[in-house]
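K.L.:
Structure below; questions to follow.
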Amino acid sequence: MPRHTIDDLDLPAGKRARLYRLLYQHGPGHGLGMFLPIDQGLEHGPRDFFPNPAAADPDFQLRLAEEANFSAVAFQIGIAEKYMNRYAGRVPLILKLNGKTEIPSDAEALSPVNASVEDAVKLGADAVGYTLYVGSPAQDRDFEQLRRVREDANRLGMPLVVWSYPRGKYVNEKGGQLTSWAIEYAARVAMELGADVVKVNLPENQPETVKQTPAPYNAQNYDEEEAVRRVVEAAGKTLVLVSGGSRVDEESVIQKARLSVRCGATGIIFGRNIWQRPWPEAVALTHRIQNIMLEEAGVLAAAGAR
Amino acid sequence: MPRHTIDDLDLPAGKRARLYRLLYQHGPGHGLGMFLPIDQGLEHGPRDFFPNPAAADPDFQLRLAEEANFSAVAFQIGIAEKYMNRYAGRVPLILKLNGKTEIPSDAEALSPVNASVEDAVKLGADAVGYTLYVGSPAQDRDFEQLRRVREDANRLGMPLVVWSYPRGKYVNEKGGQLTSWAIEYAARVAMELGADVVKVNLPENQPETVKQTPAPYNAQNYDEEEAVRRVVEAAGKTLVLVSGGSRVDEESVIQKARLSVRCGATGIIFGRNIWQRPWPEAVALTHRIQNIMLEEAGVLAAAGAR
Amino acid sequence: MPRHTIDDLDLPAGKRARLYRLLYQHGPGHGLGMFLPIDQGLEHGPRDFFPNPAAADPDFQLRLAEEANFSAVAFQIGIAEKYMNRYAGRVPLILKLNGKTEIPSDAEALSPVNASVEDAVKLGADAVGYTLYVGSPAQDRDFEQLRRVREDANRLGMPLVVWSYPRGKYVNEKGGQLTSWAIEYAARVAMELGADVVKVNLPENQPETVKQTPAPYNAQNYDEEEAVRRVVEAAGKTLVLVSGGSRVDEESVIQKARLSVRCGATGIIFGRNIWQRPWPEAVALTHRIQNIMLEEAGVLAAAGAR
Amino acid sequence: MPRHTIDDLDLPAGKRARLYRLLYQHGPGHGLGMFLPIDQGLEHGPRDFFPNPAAADPDFQLRLAEEANFSAVAFQIGIAEKYMNRYAGRVPLILKLNGKTEIPSDAEALSPVNASVEDAVKLGADAVGYTLYVGSPAQDRDFEQLRRVREDANRLGMPLVVWSYPRGKYVNEKGGQLTSWAIEYAARVAMELGADVVKVNLPENQPETVKQTPAPYNAQNYDEEEAVRRVVEAAGKTLVLVSGGSRVDEESVIQKARLSVRCGATGIIFGRNIWQRPWPEAVALTHRIQNIMLEEAGVLAAAGAR
Amino acid sequence: MPRHTIDDLDLPAGKRARLYRLLYQHGPGHGLGMFLPIDQGLEHGPRDFFPNPAAADPDFQLRLAEEANFSAVAFQIGIAEKYMNRYAGRVPLILKLNGKTEIPSDAEALSPVNASVEDAVKLGADAVGYTLYVGSPAQDRDFEQLRRVREDANRLGMPLVVWSYPRGKYVNEKGGQLTSWAIEYAARVAMELGADVVKVNLPENQPETVKQTPAPYNAQNYDEEEAVRRVVEAAGKTLVLVSGGSRVDEESVIQKARLSVRCGATGIIFGRNIWQRPWPEAVALTHRIQNIMLEEAGVLAAAGAR
């Protein structure tokens, strides 16, 4: 399956220059991206820092992003203003423009905007991030928020990365957030609403959840690769980044990266699976992943038989 | 029944030039229109692409629109930005300005705006589309959204096509979305609120739904042609496009197009009934339909006895 | 009881010029007005056109307004844009700026704005109309909408006609929409919030509804003339127009017009009672009414004993 | 207890000039004020005009304000536009910027804004009035409304008079609107949010309501003077006006005015207690009250032993 | 644990100049702050003034702030406009931009904005304060409000102090407002959303509340110092101020100040614990606290063994 590149998107110069920086001049390069998010402090709270307390200090991730060569970091305005200065120019930034705590119920999820595309420009960011909760009862307000972000991003030549997540009580009634139905739908919506890049979870189709999804999804039985390819196809020309989710063992992390690239994704955005590990382990794992990505993309010869 | 034309509407030059392009310079012409929508990826999700997986790529519909000569395509900003460039000037565009997923309940339906009339101008579109949910408890916000779209469309000379659909819990209590009462009401509302063109479903009056409608509709028994004519009349001078709905057999599709034109509609807007068919079938059906439309409109001699 | 005139209102030149046109240069004149509304297509739906199907075409009412000499027509922007052009200058227009369908429940009624005072200016209208639902739980949004309309109307010298209707669940609990209490309150509110002209229903005090109204109204027993006079007084200097409501027999229509003028109203605004009748009947009735109005106002000698 | 004066407030010139007009150049003067409100037609409806039907015509109160020498009248924009012209310059105006009907439940009370500070300037008003419902579940919208009014008032040098009333379901659960706790809290809130002048009710502490208030109020037992002094103190430097409430006998009215001035209030704002009386009685009572106020303030020698 | 200073924050000149004034030129200095808030009149009502009635007059706290040398006072716009003038330049001001009464339920807490950053500039304030209710169901509106305040504060070089409090029904379900989980989360959120300074409560972990918090917090058992250090760490580079809460005995107050400074906080913001005491006691306690703070920070030699 051919991977979409920034050449496939009819991008104006500003968006193109910035995405080029992320996908060719930092990280694995060659049109691939490996991103390091730290939005968990807001989204999940400090409980995510227990496995590796050093990671509570954003400087940990920024150093890691520089030394292990990530394509960019992604976080909120407050971290950007207080921690980016010494990494400016050396570590690209995706400024996350919205976010919420996990404390209230997710039944009517909405992620309020707390920063602007102009803030991103001022901070020298190379993209903005927006979380869209596809299927939430609050989709009207969500679409309107996204519209304003998209308009500003277009006006200022800033790439728009959409964290596109099925969410809310109606998604829960239809098999939950992780079915192929829900994730493909979310990828398509992000593409139709103007995402340049979309961040998705990989499907985990369980028999009991699949049968709650709308026809004909409720009768499908995709294998792992097929499921991932379908998500990438659902996003159309929008470039796809695969989320890492909660921490798993190292081989599973690597397998997820390999699978993503093999199935046409542009890259990965792994947070907890990287920075919940201690420094040397995090650096080494990052290098292994980037090598695997380049191998799968045919840039590097494979180190051995798979 | 005489068909309204753009001469009947007191249009300013910009609206007139653009509607002329759609109704005389592309598609069947002669004041008739045949439009190809791809808003199903957002409105229904990727489940609609199962009958013809190739159609998940918007390039499929765009090629089809060019080769089979549609009056225009209709879709969201994200598709327009990423797929229209190579068809610019060759395939006219109706930029759909709002949309929603089908995941939340429709009881209080509202379709949030995700693009502007200025976006449409920038993309070289010849009309904008807006979905109005007539009868929804959210009608106050819907009317306000439509008002702003109408004002911008008037300011910029952009024709306004209203997808006018009865919807919401109160419509369900009064016989549902498909009675003559509901559809005529929707057509009238679109006209009164400023639509240049209105897209409607055809009525399907069932005895059990008809009797739930307000008097005197609950005592009527319209035949098919009468029902369609009444909808066209309810729209007044606003030009009427008939929706295709879900896929049916080829003869039913053709019959719907014939009936629409016979009863005074300006044209049809068929999506799934076209692009859920494989390429050669889709092209051939489109040609058959356009011939039938021209025949019914008295432009072509009928090929044989009906 | 003396009738208020535009001299009693401290009007700026623009409002004065426009109201003069309506009350002295068209219709019965001599400070009296007889208006023809077509907002029923939006407010009630096409069911109102069954008694006289010809009236579904707004051109019917416009011709009628011209030939039978109404003071003005009143309708929504969509009708104005598509049907007024050939009557421009010959039939004055009150552009109705808000409206809603009758499909949702009226428990929390609000009539959303769908056009602006600037639209009215652009269309050459001589007044704008706004429906205020007095007592609705949504009164906060209603007052805010009205405020913006009033400000624009003041800025542009456009007379403001308020359709002031008691409405909503709390009104229903206190005797409903037609008691003297409810209608006098509605008239007063319109005056206090800045209406130049107020359109009201006439009270219909039933013993069982009267006793649900707040003291001391619950102990009153007004005769018909007294009830009408009290409404006119409650409006203060704001000029009063009396609504026609649903169709009744011709003598009742005439009696309502006579009573209104006798009790100090500036005029009437009758829709269904006029245009639900066939053309010759509608024209003849209009002439009879205007004669009665002039008689009651002392302009014409009465044709005979009443 | 010393009475605060406009010297104690750090006022810019515009506010100072206007308050000087109200408190030194009209009404009792000497820093005292006696105001005549007519917001009852909106707040309570025409039922308040039954005791004195002449008062339904705002000209009644305006003549009274001029002849009996009130410090100012207070009413809504619609009355101001239609009735003030002939009294301009002779009777000062407090333009009331918000208001509501009493028809909906007060459980979530909010008084929507229907006019602007600029309207007040245009009408030559010397202050604006705003009703704040302290403790209402809608306090977030109320505070935001008040903020905008305060900003405009500061920008234009217009004194801000806050009608500060405890209201809503949570107030009802804590002893209701008339306890010392509720009224002192309301006075303090108005001061902290920027009122130049605050209008309050006098406390009526009943044993059964007092015990529902928060500690330590639930254990207090204030005599009448102490209760009034505490309210004046709670308002800090903000000048205090005492409301009249519903009509009571003449001696009670006079006693309320006397008590207010004795306890440090700047004045009174009595509506129904004045204009629900017939003309000669209303004029005479006003003169008696003003004399008492001046006596209590030490400006006039007391006419006799109290 | 090293204490963060304004050198650690990448501050523009305006913010730096103002924070320098607060932390080096007033109060204890040496990068430490001791602040005196009077937002209790709005937040709790006048019941807080019973222990020391003199404190109901804001002049009491302002004199105290000047004579006992506080770093700044913090209160609402209404107090600032009416009481600050004679202390201008002598007592720095943190203008509190939002606030609410305690009367409505806190289940969906939101603190509405009642003043602007421009108001703060106009008043010569050195910082603005904003209350954020972390975890409230109204977090979407809260974040949007905070965003606008942050943007204005950045534009005008005004330091932003966030009162960051866990609040609302979902917090109550998860152990309440005082667990380490809730307070650390609140500190982190304030940092990520752009606070320069954050005001927090100190944790009070009770076994029964701890076990309701999310894992792994529900299994922790922090001692007092550890709990405080963790909160300071959760705030990252954002400077931390510790709230005083309701009045406790003098030794407890001192111990709280000592503990805060020892654990890396920049200072304290004690209101009721200071001004609910009579004047000489309040002055003496303030001096004791400031000495302890300087001792703990290593600026002064400790007076004796601890």
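All residue names refer to the structure tokens as shown: chains lettered A, B, ... in order, residues numbered from 1 in each chain, ligands numbered from 1 in order.
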Return as a Markdown table the residues of chain C lying at most 8 Å from chain B, together with the closest atom-to-atom pair for each and the distance in Å to one decimal, counting only C-alpha atoms, with rows in chain order and ascending residue number.
P.N.:
| residue | atom | partner | partner_atom | distance |
| --- | --- | --- | --- | --- |
| C:Gly41 | CA | B:Arg188 | CA | 6.6 |
| C:Leu42 | CA | B:Val189 | CA | 5.6 |
| C:Gly45 | CA | B:Tyr185 | CA | 5.1 |
| C:Pro46 | CA | B:Tyr185 | CA | 5.9 |
| C:Arg47 | CA | B:Pro216 | CA | 6.6 |
| C:Phe50 | CA | B:Pro216 | CA | 7.7 |
| C:Ala56 | CA | B:Ala234 | CA | 7.1 |
| C:Asp57 | CA | B:Gly236 | CA | 6.5 |
| C:Gln76 | CA | B:Glu192 | CA | 5.8 |
| C:Ile77 | CA | B:Leu193 | CA | 6.1 |
| C:Gly78 | CA | B:Gly194 | CA | 3.9 |
| C:Ile79 | CA | B:Glu192 | CA | 5.4 |
| C:Glu81 | CA | B:Asp10 | CA | 7.0 |
| C:Lys82 | CA | B:Leu9 | CA | 5.6 |
| C:Tyr83 | CA | B:Asp10 | CA | 8.0 |
| C:Asn85 | CA | B:Asp10 | CA | 7.3 |
| C:Lys100 | CA | B:Gln139 | CA | 7.5 |
| C:Thr101 | CA | B:Gly135 | CA | 6.3 |
| C:Glu102 | CA | B:Gly135 | CA | 7.6 |
| C:Ile103 | CA | B:Gly135 | CA | 5.0 |
| C:Pro104 | CA | B:Pro137 | CA | 5.6 |
| C:Ser105 | CA | B:Tyr170 | CA | 7.6 |
| C:Leu110 | CA | B:Asp140 | CA | 7.2 |
| C:Ser111 | CA | B:Asp140 | CA | 6.8 |
| C:Pro112 | CA | B:Asp140 | CA | 4.9 |
| C:Val113 | CA | B:Glu144 | CA | 6.3 |
| C:Asn114 | CA | B:Arg147 | CA | 5.0 |
| C:Ala115 | CA | B:Arg147 | CA | 6.4 |
K.L.:
Which of stretch 33-168 of chain C counts as strand (DSSP E) under DSSP, as a count of residues only please?
P.N.:
28
K.L.:
What is the distance, in Å and to one decimal place, between atom CA of A:Asp126 and atom CA of A:Ile94?
P.N.:
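Computed distance, atom CA of A:Asp126 to atom CA of A:Ile94, equals 5.9 Å.
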K.L.:
Fewer than 2 positions away in the same chain doesn't count, so skip those; otherwise give me all residues within 7 Å of A:Gly264, counting only C-alpha atoms, as an mmCIF file with C-alpha atoms, in the first residue's frame.
P.N.:
data_model
loop_
_atom_site.group_PDB
_atom_site.id
_atom_site.type_symbol
_atom_site.label_atom_id
_atom_site.label_comp_id
_atom_site.auth_asym_id
_atom_site.auth_seq_id
_atom_site.Cartn_x
_atom_site.Cartn_y
_atom_site.Cartn_z
ATOM 1 C CA MET A 1 0.000 0.000 0.000
ATOM 2 C CA PRO A 2 1.551 3.324 -1.054
ATOM 3 C CA ARG A 3 2.085 5.846 1.696
ATOM 4 C CA ARG A 229 -4.897 -0.600 6.334
ATOM 5 C CA VAL A 232 -5.284 4.486 6.728
ATOM 6 C CA SER A 260 1.706 1.096 11.259
ATOM 7 C CA VAL A 261 4.398 1.883 8.741
ATOM 8 C CA ARG A 262 3.765 -1.304 6.816
ATOM 9 C CA THR A 266 3.126 8.257 8.059
#
K.L.:
Atom CA of E:Tyr165 to atom CA of E:Ile183: how many Å, to one decimal?
P.N.:
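Here the two named atoms are 7.2 Å from each other.
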K.L.:
Excluding D:Leu259 and its own-chain neighbours fewer than 6 positions away, which residues fall within 9 Å of it when counting only C-alpha atoms? Please give them as a list in words.
P.N.:
Glu224, Glu225, Val228, Ala265 and Glu296 of chain D
K.L.:
Keeping only N, CA, C and O atoms, write the selected residues to a file as a PDB file, in the first residue's frame.
P.N.:
ATOM      1  N   GLU D 224     -34.419  46.106  64.664  1.00  0.00           N
ATOM      2  CA  GLU D 224     -34.646  46.701  63.356  1.00  0.00           C
ATOM      3  C   GLU D 224     -33.511  47.638  62.930  1.00  0.00           C
ATOM      4  O   GLU D 224     -32.970  47.524  61.836  1.00  0.00           O
ATOM      5  N   GLU D 225     -33.118  48.541  63.804  1.00  0.00           N
ATOM      6  CA  GLU D 225     -32.071  49.495  63.433  1.00  0.00           C
ATOM      7  C   GLU D 225     -30.735  48.815  63.184  1.00  0.00           C
ATOM      8  O   GLU D 225     -30.013  49.153  62.262  1.00  0.00           O
ATOM      9  N   VAL D 228     -30.662  47.247  59.807  1.00  0.00           N
ATOM     10  CA  VAL D 228     -30.495  48.192  58.700  1.00  0.00           C
ATOM     11  C   VAL D 228     -29.058  48.708  58.658  1.00  0.00           C
ATOM     12  O   VAL D 228     -28.435  48.772  57.597  1.00  0.00           O
ATOM     13  N   ALA D 265     -28.305  55.219  55.156  1.00  0.00           N
ATOM     14  CA  ALA D 265     -28.618  55.114  53.735  1.00  0.00           C
ATOM     15  C   ALA D 265     -28.596  56.495  53.095  1.00  0.00           C
ATOM     16  O   ALA D 265     -28.830  57.504  53.756  1.00  0.00           O
ATOM     17  N   GLU D 296     -33.848  63.813  59.649  1.00  0.00           N
ATOM     18  CA  GLU D 296     -32.992  62.726  60.134  1.00  0.00           C
ATOM     19  C   GLU D 296     -31.537  62.960  59.778  1.00  0.00           C
ATOM     20  O   GLU D 296     -30.636  62.532  60.488  1.00  0.00           O
TER      21      GLU D 296
END
K.L.:
Extract the full set of helix (DSSP H, G or I) residues from stretch 201-287 of chain C according to DSSP on the backbone, and format it as number ranges by chain.
P.N.:
C: 207-210, 217-219, 224-234, 250-262, 272-275, 279-287
K.L.:
For the residues selected in the previous step, produce a file with N, CA and C atoms as a CSV table (one decimal), in the first residue's frame.
P.N.:
chain,number,residue,atom,x,y,z
C,207,PRO,N,-64.5,32.0,32.2
C,207,PRO,CA,-64.5,31.9,33.6
C,207,PRO,C,-63.4,30.9,34.2
C,208,GLU,N,-63.2,29.8,33.5
C,208,GLU,CA,-62.2,28.9,34.0
C,208,GLU,C,-60.8,29.3,33.8
C,209,THR,N,-60.5,30.1,32.8
C,209,THR,CA,-59.2,30.6,32.6
C,209,THR,C,-58.9,31.8,33.5
C,210,VAL,N,-59.9,32.7,33.6
C,210,VAL,CA,-59.8,33.9,34.4
C,210,VAL,C,-59.4,33.6,35.8
C,217,TYR,N,-56.8,40.2,38.6
C,217,TYR,CA,-57.4,39.8,37.4
C,217,TYR,C,-58.4,38.6,37.6
C,218,ASN,N,-58.0,37.8,38.5
C,218,ASN,CA,-58.9,36.5,38.7
C,218,ASN,C,-60.3,36.9,39.2
C,219,ALA,N,-60.5,38.1,39.6
C,219,ALA,CA,-61.8,38.5,40.1
C,219,ALA,C,-62.6,39.5,39.1
C,224,GLU,N,-66.7,42.8,26.4
C,224,GLU,CA,-65.8,42.7,25.2
C,224,GLU,C,-65.1,44.1,25.0
C,225,GLU,N,-65.9,45.1,24.9
C,225,GLU,CA,-65.3,46.4,24.7
C,225,GLU,C,-64.3,46.9,25.7
C,226,GLU,N,-64.7,46.6,27.0
C,226,GLU,CA,-63.8,47.0,28.1
C,226,GLU,C,-62.5,46.3,28.0
C,227,ALA,N,-62.6,45.0,27.6
C,227,ALA,CA,-61.4,44.1,27.5
C,227,ALA,C,-60.5,44.7,26.4
C,228,VAL,N,-61.0,45.1,25.3
C,228,VAL,CA,-60.2,45.6,24.2
C,228,VAL,C,-59.6,47.0,24.6
C,229,ARG,N,-60.4,47.8,25.2
C,229,ARG,CA,-59.9,49.1,25.6
C,229,ARG,C,-58.7,49.0,26.5
C,230,ARG,N,-58.8,48.0,27.5
C,230,ARG,CA,-57.8,47.8,28.4
C,230,ARG,C,-56.5,47.4,27.8
C,231,VAL,N,-56.6,46.6,26.7
C,231,VAL,CA,-55.3,46.2,26.0
C,231,VAL,C,-54.7,47.4,25.4
C,232,VAL,N,-55.5,48.2,24.7
C,232,VAL,CA,-55.0,49.4,24.0
C,232,VAL,C,-54.4,50.3,25.1
C,233,GLU,N,-55.0,50.5,26.2
C,233,GLU,CA,-54.4,51.3,27.3
C,233,GLU,C,-53.1,50.7,27.8
C,234,ALA,N,-53.0,49.4,27.9
C,234,ALA,CA,-51.8,48.8,28.4
C,234,ALA,C,-50.6,49.0,27.5
C,250,GLU,N,-67.8,35.9,8.1
C,250,GLU,CA,-67.5,37.3,7.6
C,250,GLU,C,-68.0,38.4,8.6
C,251,GLU,N,-69.2,38.1,9.2
C,251,GLU,CA,-69.7,39.2,10.1
C,251,GLU,C,-68.8,39.3,11.4
C,252,SER,N,-68.3,38.1,11.8
C,252,SER,CA,-67.4,38.2,13.0
C,252,SER,C,-66.1,38.9,12.6
C,253,VAL,N,-65.6,38.7,11.4
C,253,VAL,CA,-64.4,39.4,11.0
C,253,VAL,C,-64.7,41.0,11.1
C,254,ILE,N,-65.8,41.3,10.5
C,254,ILE,CA,-66.1,42.8,10.4
C,254,ILE,C,-66.3,43.3,11.8
C,255,GLN,N,-66.9,42.5,12.7
C,255,GLN,CA,-67.2,43.0,14.0
C,255,GLN,C,-65.9,43.2,14.8
C,256,LYS,N,-64.9,42.3,14.5
C,256,LYS,CA,-63.6,42.4,15.2
C,256,LYS,C,-62.9,43.7,14.7
C,257,ALA,N,-63.0,44.0,13.5
C,257,ALA,CA,-62.3,45.2,13.0
C,257,ALA,C,-63.0,46.5,13.6
C,258,ARG,N,-64.3,46.4,13.6
C,258,ARG,CA,-65.1,47.6,14.1
C,258,ARG,C,-64.7,47.8,15.6
C,259,LEU,N,-64.7,46.7,16.3
C,259,LEU,CA,-64.5,46.8,17.8
C,259,LEU,C,-63.1,47.3,18.0
C,260,SER,N,-62.1,46.9,17.2
C,260,SER,CA,-60.7,47.3,17.4
C,260,SER,C,-60.6,48.8,17.2
C,261,VAL,N,-61.1,49.3,16.1
C,261,VAL,CA,-61.0,50.7,15.8
C,261,VAL,C,-61.8,51.5,16.9
C,262,ARG,N,-63.0,51.1,17.2
C,262,ARG,CA,-63.7,51.8,18.2
C,262,ARG,C,-63.0,51.9,19.5
C,272,ARG,N,-55.3,35.0,7.6
C,272,ARG,CA,-56.2,33.8,7.1
C,272,ARG,C,-57.6,34.3,6.9
C,273,ASN,N,-58.1,35.2,7.7
C,273,ASN,CA,-59.5,35.7,7.4
C,273,ASN,C,-59.7,36.4,6.1
C,274,ILE,N,-58.6,36.8,5.5
C,274,ILE,CA,-58.7,37.4,4.2
C,274,ILE,C,-58.3,36.4,3.1
C,275,TRP,N,-57.0,35.9,3.1
C,275,TRP,CA,-56.6,35.1,2.0
C,275,TRP,C,-57.0,33.6,2.0
C,279,TRP,N,-60.5,34.9,-4.2
C,279,TRP,CA,-60.2,36.2,-4.6
C,279,TRP,C,-61.3,37.2,-4.5
C,280,PRO,N,-62.5,37.0,-5.2
C,280,PRO,CA,-63.5,38.1,-5.2
C,280,PRO,C,-64.0,38.4,-3.8
C,281,GLU,N,-64.2,37.3,-3.0
C,281,GLU,CA,-64.6,37.4,-1.7
C,281,GLU,C,-63.6,38.2,-0.8
C,282,ALA,N,-62.3,37.9,-1.0
C,282,ALA,CA,-61.3,38.5,-0.3
C,282,ALA,C,-61.2,40.0,-0.5
C,283,VAL,N,-61.4,40.3,-1.8
C,283,VAL,CA,-61.3,41.8,-2.2
C,283,VAL,C,-62.5,42.5,-1.6
C,284,ALA,N,-63.7,41.9,-1.7
C,284,ALA,CA,-64.9,42.6,-1.2
C,284,ALA,C,-64.9,42.7,0.3
C,285,LEU,N,-64.4,41.7,1.0
C,285,LEU,CA,-64.4,41.8,2.4
C,285,LEU,C,-63.4,42.9,2.9
C,286,THR,N,-62.3,42.9,2.2
C,286,THR,CA,-61.3,44.0,2.5
C,286,THR,C,-61.9,45.4,2.4
C,287,HIS,N,-62.6,45.6,1.3
C,287,HIS,CA,-63.3,46.9,1.1
C,287,HIS,C,-64.3,47.2,2.2
K.L.:
Which residues, written as JSON, numbers by chain, have at least one atom at most 12 Å from C:Met34, with only C-alpha atoms counted and residues fewer than 4 positions away on the same chain left out?
P.N.:
{"C": [22, 23, 24, 25, 26, 27, 28, 29, 30, 65, 68, 69, 70, 71, 72, 73, 74, 92, 199, 240, 241, 242, 243, 244, 257, 260, 261, 265, 266, 267, 268, 269, 270, 271, 274, 286, 287, 288, 289, 290, 291, 292, 293, 294]}
K.L.:
Point out the residue among C:Val91, C:Ala297, C:Cys263, C:Ala17 with the least atom-to-atom distance to C:Leu62, counting only C-alpha atoms.
P.N.:
C:Val91
K.L.:
To one decimal place, how far is atom CA of D:Pro203 from atom CA of D:Val248 in Å?
P.N.:
15.9 Å
K.L.:
Tell me which protein, DNA and RNA residues are within 9 Å of A:Glu118, counting only C-alpha atoms, leaving out same-chain ones fewer than 3 positions away, and put them as number ranges by chain.
P.N.:
A: 115, 121-123, 152-153, 156
